[in-house]
file entry.txt (compact mmCIF, N, CA and C atoms and all ligand atoms)
# COMPACT_ATOMS: atom_id res chain seq x y z
N MET I 1 -6.98 4.16 -74.31
CA MET I 1 -6.12 5.32 -74.65
C MET I 1 -6.71 6.59 -74.04
N ALA I 2 -5.89 7.31 -73.32
CA ALA I 2 -6.35 8.55 -72.69
C ALA I 2 -6.48 9.66 -73.73
N LYS I 3 -7.40 10.55 -73.46
CA LYS I 3 -7.60 11.68 -74.36
C LYS I 3 -7.15 12.97 -73.69
N CYS I 4 -6.58 13.84 -74.48
CA CYS I 4 -6.10 15.11 -73.97
C CYS I 4 -7.29 15.99 -73.56
N PRO I 5 -7.28 16.51 -72.31
CA PRO I 5 -8.39 17.36 -71.88
C PRO I 5 -8.39 18.73 -72.57
N GLU I 6 -7.27 19.08 -73.18
CA GLU I 6 -7.18 20.39 -73.85
C GLU I 6 -7.69 20.32 -75.29
N CYS I 7 -7.17 19.35 -76.06
CA CYS I 7 -7.48 19.33 -77.49
C CYS I 7 -8.13 18.02 -77.92
N ALA I 8 -8.37 17.10 -76.96
CA ALA I 8 -8.98 15.80 -77.25
C ALA I 8 -8.10 14.94 -78.16
N GLY I 9 -6.83 15.27 -78.26
CA GLY I 9 -5.89 14.46 -79.03
C GLY I 9 -5.49 13.22 -78.25
N LYS I 10 -4.82 12.32 -78.92
CA LYS I 10 -4.38 11.09 -78.27
C LYS I 10 -3.19 11.37 -77.36
N MET I 11 -3.16 10.67 -76.22
CA MET I 11 -2.06 10.86 -75.27
C MET I 11 -1.22 9.61 -75.16
N LYS I 12 0.06 9.83 -75.14
CA LYS I 12 1.00 8.71 -75.04
C LYS I 12 1.49 8.61 -73.61
N TYR I 13 1.52 7.38 -73.11
CA TYR I 13 1.98 7.20 -71.74
C TYR I 13 3.45 6.80 -71.73
N ALA I 14 4.27 7.61 -71.08
CA ALA I 14 5.69 7.28 -70.97
C ALA I 14 6.27 7.94 -69.74
N LEU I 15 7.13 7.25 -69.06
CA LEU I 15 7.81 7.77 -67.86
C LEU I 15 6.81 8.34 -66.85
N TYR I 16 5.76 7.58 -66.58
CA TYR I 16 4.75 7.95 -65.59
C TYR I 16 3.99 9.22 -65.96
N ARG I 17 4.07 9.62 -67.21
CA ARG I 17 3.33 10.82 -67.60
C ARG I 17 2.57 10.57 -68.90
N TYR I 18 1.47 11.25 -69.04
CA TYR I 18 0.71 11.22 -70.30
C TYR I 18 1.08 12.47 -71.09
N THR I 19 1.51 12.29 -72.29
CA THR I 19 1.88 13.43 -73.12
C THR I 19 1.01 13.44 -74.37
N CYS I 20 0.41 14.59 -74.64
CA CYS I 20 -0.46 14.72 -75.79
C CYS I 20 0.38 14.77 -77.07
N LYS I 21 -0.02 13.94 -78.03
CA LYS I 21 0.72 13.91 -79.29
C LYS I 21 0.43 15.14 -80.13
N ARG I 22 -0.69 15.79 -79.87
CA ARG I 22 -1.08 16.92 -80.71
C ARG I 22 -0.57 18.25 -80.16
N CYS I 23 -0.91 18.54 -78.88
CA CYS I 23 -0.54 19.86 -78.36
C CYS I 23 0.64 19.80 -77.39
N GLY I 24 1.07 18.61 -77.03
CA GLY I 24 2.26 18.50 -76.20
C GLY I 24 2.01 18.63 -74.71
N LEU I 25 0.75 18.73 -74.31
CA LEU I 25 0.41 18.82 -72.90
C LEU I 25 0.90 17.57 -72.17
N SER I 26 1.56 17.77 -71.04
CA SER I 26 2.11 16.65 -70.30
C SER I 26 1.55 16.61 -68.89
N LEU I 27 0.93 15.50 -68.53
CA LEU I 27 0.28 15.40 -67.23
C LEU I 27 0.56 14.06 -66.57
N THR I 28 0.53 14.06 -65.24
CA THR I 28 0.59 12.78 -64.53
C THR I 28 -0.81 12.20 -64.52
N ARG I 29 -0.90 10.94 -64.14
CA ARG I 29 -2.20 10.26 -64.05
C ARG I 29 -3.18 11.05 -63.18
N VAL I 30 -2.69 11.51 -62.03
CA VAL I 30 -3.53 12.24 -61.08
C VAL I 30 -4.01 13.56 -61.69
N GLU I 31 -3.10 14.27 -62.34
CA GLU I 31 -3.47 15.55 -62.96
C GLU I 31 -4.49 15.33 -64.07
N LEU I 32 -4.28 14.27 -64.82
CA LEU I 32 -5.19 13.95 -65.91
C LEU I 32 -6.59 13.63 -65.38
N ASP I 33 -6.65 12.79 -64.35
CA ASP I 33 -7.94 12.45 -63.73
C ASP I 33 -8.62 13.71 -63.22
N ASP I 34 -7.84 14.56 -62.59
CA ASP I 34 -8.35 15.79 -62.01
C ASP I 34 -8.96 16.69 -63.08
N LEU I 35 -8.23 16.86 -64.18
CA LEU I 35 -8.71 17.71 -65.27
C LEU I 35 -9.96 17.14 -65.91
N GLN I 36 -9.96 15.82 -66.11
CA GLN I 36 -11.12 15.21 -66.75
C GLN I 36 -12.34 15.31 -65.86
N GLU I 37 -12.12 15.22 -64.57
CA GLU I 37 -13.20 15.37 -63.59
C GLU I 37 -13.78 16.78 -63.69
N LYS I 38 -12.89 17.77 -63.76
CA LYS I 38 -13.32 19.17 -63.86
C LYS I 38 -14.11 19.41 -65.14
N LEU I 39 -13.63 18.82 -66.24
CA LEU I 39 -14.31 19.00 -67.52
C LEU I 39 -15.70 18.39 -67.47
N ARG I 40 -15.82 17.22 -66.83
CA ARG I 40 -17.12 16.57 -66.71
C ARG I 40 -18.07 17.47 -65.92
N ASP I 41 -17.58 18.05 -64.83
CA ASP I 41 -18.39 18.94 -64.02
C ASP I 41 -18.86 20.14 -64.83
N GLN I 42 -17.96 20.67 -65.64
CA GLN I 42 -18.30 21.81 -66.48
C GLN I 42 -19.44 21.47 -67.43
N VAL I 43 -19.33 20.32 -68.07
CA VAL I 43 -20.36 19.88 -69.02
C VAL I 43 -21.68 19.72 -68.30
N LYS I 44 -21.64 19.11 -67.13
CA LYS I 44 -22.84 18.92 -66.34
C LYS I 44 -23.47 20.27 -66.02
N HIS I 45 -22.62 21.20 -65.62
CA HIS I 45 -23.07 22.53 -65.25
C HIS I 45 -23.73 23.22 -66.45
N GLU I 46 -23.09 23.13 -67.61
CA GLU I 46 -23.63 23.75 -68.82
C GLU I 46 -25.01 23.17 -69.14
N LYS I 47 -25.14 21.86 -69.01
CA LYS I 47 -26.41 21.21 -69.33
C LYS I 47 -27.50 21.69 -68.39
N THR I 48 -27.16 21.81 -67.11
CA THR I 48 -28.13 22.28 -66.13
C THR I 48 -28.58 23.69 -66.48
N LYS I 49 -27.64 24.53 -66.88
CA LYS I 49 -27.95 25.90 -67.22
C LYS I 49 -28.91 25.95 -68.42
N ASP I 50 -28.62 25.15 -69.43
CA ASP I 50 -29.48 25.10 -70.61
C ASP I 50 -30.87 24.64 -70.24
N PHE I 51 -30.92 23.64 -69.36
CA PHE I 51 -32.19 23.10 -68.94
C PHE I 51 -33.03 24.16 -68.23
N GLU I 52 -32.39 24.90 -67.35
CA GLU I 52 -33.09 25.97 -66.62
C GLU I 52 -33.61 27.03 -67.58
N LYS I 53 -32.78 27.39 -68.53
CA LYS I 53 -33.15 28.41 -69.51
C LYS I 53 -34.39 27.95 -70.29
N GLU I 54 -34.33 26.70 -70.73
CA GLU I 54 -35.40 26.12 -71.53
C GLU I 54 -36.70 26.07 -70.72
N LYS I 55 -36.56 25.73 -69.45
CA LYS I 55 -37.72 25.64 -68.58
C LYS I 55 -38.37 27.01 -68.42
N ARG I 56 -37.54 28.01 -68.20
CA ARG I 56 -38.06 29.37 -68.05
C ARG I 56 -38.76 29.83 -69.32
N ARG I 57 -38.16 29.49 -70.46
CA ARG I 57 -38.72 29.88 -71.74
C ARG I 57 -40.10 29.26 -71.93
N LYS I 58 -40.21 27.99 -71.56
CA LYS I 58 -41.49 27.28 -71.70
C LYS I 58 -42.53 27.86 -70.77
N GLU I 59 -42.11 28.19 -69.55
CA GLU I 59 -43.03 28.77 -68.60
C GLU I 59 -43.55 30.11 -69.10
N TYR I 60 -42.66 30.87 -69.65
CA TYR I 60 -43.05 32.17 -70.19
C TYR I 60 -44.03 31.99 -71.35
N LEU I 61 -43.72 31.01 -72.18
CA LEU I 61 -44.57 30.73 -73.34
C LEU I 61 -45.96 30.31 -72.88
N ASP I 62 -46.01 29.44 -71.87
CA ASP I 62 -47.29 29.00 -71.32
C ASP I 62 -48.07 30.19 -70.80
N TRP I 63 -47.37 31.04 -70.04
CA TRP I 63 -48.01 32.20 -69.46
C TRP I 63 -48.53 33.12 -70.56
N TYR I 64 -47.70 33.32 -71.56
CA TYR I 64 -48.05 34.20 -72.67
C TYR I 64 -49.29 33.67 -73.40
N LEU I 65 -49.27 32.37 -73.67
CA LEU I 65 -50.39 31.78 -74.41
C LEU I 65 -51.66 31.80 -73.59
N SER I 66 -51.56 31.51 -72.28
CA SER I 66 -52.75 31.47 -71.45
C SER I 66 -53.31 32.88 -71.22
N SER I 67 -52.45 33.87 -71.17
CA SER I 67 -52.94 35.22 -70.97
C SER I 67 -53.62 35.73 -72.25
N LYS I 68 -53.19 35.19 -73.36
CA LYS I 68 -53.81 35.58 -74.62
C LYS I 68 -55.22 35.00 -74.74
N ASP I 69 -55.36 33.77 -74.18
CA ASP I 69 -56.66 33.10 -74.24
C ASP I 69 -57.71 33.85 -73.45
N LYS I 70 -57.24 34.46 -72.37
CA LYS I 70 -58.18 35.05 -71.40
C LYS I 70 -58.90 36.30 -71.86
N LYS I 71 -58.51 37.00 -72.70
CA LYS I 71 -59.08 38.23 -73.22
C LYS I 71 -60.42 38.71 -72.63
ZN ZN U 1 -3.63 18.05 -76.47
call {"tool": "encode", "arguments": {"input": "entry.txt", "output": "structure tokens", "more": "lines below"}}
Ligand SMILES: [Zn+2]
result
Amino acid sequence: MAKCPECAGKMKYALYRYTCKRCGLSLTRVELDDLQEKLRDQVKHEKTKDFEKEKRRKEYLDWYLSSKDKK
């Protein structure tokens, strides 16, 4: 069962189109694949951003702690 890329609701397949039962979004197979691909990329991008942020924070923390040791 396909999931709606907008609201994650269930989608019904009829007349070559997927229609969301919850929000009424109507897409063809190609449009649906395209949207889901975009959403996956977005999630990937967000994760990378978080990872970079976390890495910088740790580096700063390391630097901060090591500079404190040096007194
Ligand atoms: Zn929907």
call {"tool": "residues_near_ligand", "arguments": {"input": "entry.txt", "ligand": "ligand ZN 1 (chain U)", "cutoff": "9 Å", "atoms": "only C-alpha atoms and all ligand atoms", "output": "mmCIF file with N, CA and C atoms, keeping the file's coordinate frame"}}
result
data_model
loop_
_atom_site.group_PDB
_atom_site.id
_atom_site.type_symbol
_atom_site.label_atom_id
_atom_site.label_comp_id
_atom_site.auth_asym_id
_atom_site.auth_seq_id
_atom_site.Cartn_x
_atom_site.Cartn_y
_atom_site.Cartn_z
ATOM 1 N N LYS I 3 -7.400 10.550 -73.460
ATOM 2 C CA LYS I 3 -7.600 11.680 -74.360
ATOM 3 C C LYS I 3 -7.150 12.970 -73.690
ATOM 4 N N CYS I 4 -6.580 13.840 -74.480
ATOM 5 C CA CYS I 4 -6.100 15.110 -73.970
ATOM 6 C C CYS I 4 -7.290 15.990 -73.560
ATOM 7 N N PRO I 5 -7.280 16.510 -72.310
ATOM 8 C CA PRO I 5 -8.390 17.360 -71.880
ATOM 9 C C PRO I 5 -8.390 18.730 -72.570
ATOM 10 N N GLU I 6 -7.270 19.080 -73.180
ATOM 11 C CA GLU I 6 -7.180 20.390 -73.850
ATOM 12 C C GLU I 6 -7.690 20.320 -75.290
ATOM 13 N N CYS I 7 -7.170 19.350 -76.060
ATOM 14 C CA CYS I 7 -7.480 19.330 -77.490
ATOM 15 C C CYS I 7 -8.130 18.020 -77.920
ATOM 16 N N ALA I 8 -8.370 17.100 -76.960
ATOM 17 C CA ALA I 8 -8.980 15.800 -77.250
ATOM 18 C C ALA I 8 -8.100 14.940 -78.160
ATOM 19 N N GLY I 9 -6.830 15.270 -78.260
ATOM 20 C CA GLY I 9 -5.890 14.460 -79.030
ATOM 21 C C GLY I 9 -5.490 13.220 -78.250
ATOM 22 N N LYS I 10 -4.820 12.320 -78.920
ATOM 23 C CA LYS I 10 -4.380 11.090 -78.270
ATOM 24 C C LYS I 10 -3.190 11.370 -77.360
ATOM 25 N N MET I 11 -3.160 10.670 -76.220
ATOM 26 C CA MET I 11 -2.060 10.860 -75.270
ATOM 27 C C MET I 11 -1.220 9.610 -75.160
ATOM 28 N N THR I 19 1.510 12.290 -72.290
ATOM 29 C CA THR I 19 1.880 13.430 -73.120
ATOM 30 C C THR I 19 1.010 13.440 -74.370
ATOM 31 N N CYS I 20 0.410 14.590 -74.640
ATOM 32 C CA CYS I 20 -0.460 14.720 -75.790
ATOM 33 C C CYS I 20 0.380 14.770 -77.070
ATOM 34 N N LYS I 21 -0.020 13.940 -78.030
ATOM 35 C CA LYS I 21 0.720 13.910 -79.290
ATOM 36 C C LYS I 21 0.430 15.140 -80.130
ATOM 37 N N ARG I 22 -0.690 15.790 -79.870
ATOM 38 C CA ARG I 22 -1.080 16.920 -80.710
ATOM 39 C C ARG I 22 -0.570 18.250 -80.160
ATOM 40 N N CYS I 23 -0.910 18.540 -78.880
ATOM 41 C CA CYS I 23 -0.540 19.860 -78.360
ATOM 42 C C CYS I 23 0.640 19.800 -77.390
ATOM 43 N N GLY I 24 1.070 18.610 -77.030
ATOM 44 C CA GLY I 24 2.260 18.500 -76.200
ATOM 45 C C GLY I 24 2.010 18.630 -74.710
ATOM 46 N N LEU I 25 0.750 18.730 -74.310
ATOM 47 C CA LEU I 25 0.410 18.820 -72.900
ATOM 48 C C LEU I 25 0.900 17.570 -72.170
ATOM 49 N N SER I 26 1.560 17.770 -71.040
ATOM 50 C CA SER I 26 2.110 16.650 -70.300
ATOM 51 C C SER I 26 1.550 16.610 -68.890
#
call {"tool": "select_by_dssp", "arguments": {"input": "entry.txt", "residues": "chain I", "states": "helix (DSSP H, G or I)", "output": "ChimeraX atom specification"}}
result
/I:29-70
call {"tool": "atom_distance", "arguments": {"input": "entry.txt", "atom1": "atom CA of I:Ser67", "atom2": "atom N of I:Glu52"}}
result
23.3 Å
call {"tool": "atom_distance", "arguments": {"input": "entry.txt", "atom1": "atom CA of I:Tyr13", "atom2": "atom CA of I:Asp33"}}
result
13.8 Å
call {"tool": "atom_distance", "arguments": {"input": "entry.txt", "atom1": "atom N of I:Glu31", "atom2": "atom CA of I:Thr48"}}
result
26.6 Å
call {"tool": "select_by_dssp", "arguments": {"input": "entry.txt", "residues": "stretch 11-70 of chain I", "states": "strand (DSSP E or B)", "output": "PyMOL selection string"}}
result
chain I and resi 11-14+17-20+26-28
call {"tool": "axis_aligned_box", "arguments": {"input": "entry.txt", "around": "stretch 10-15 of chain I", "padding_each_side": "5 Å", "output": "AutoDock Vina command-line options"}}
result
--center_x 1.5 --center_y 9.6 --center_z -72.9 --size_x 22.6 --size_y 15.5 --size_z 22.1
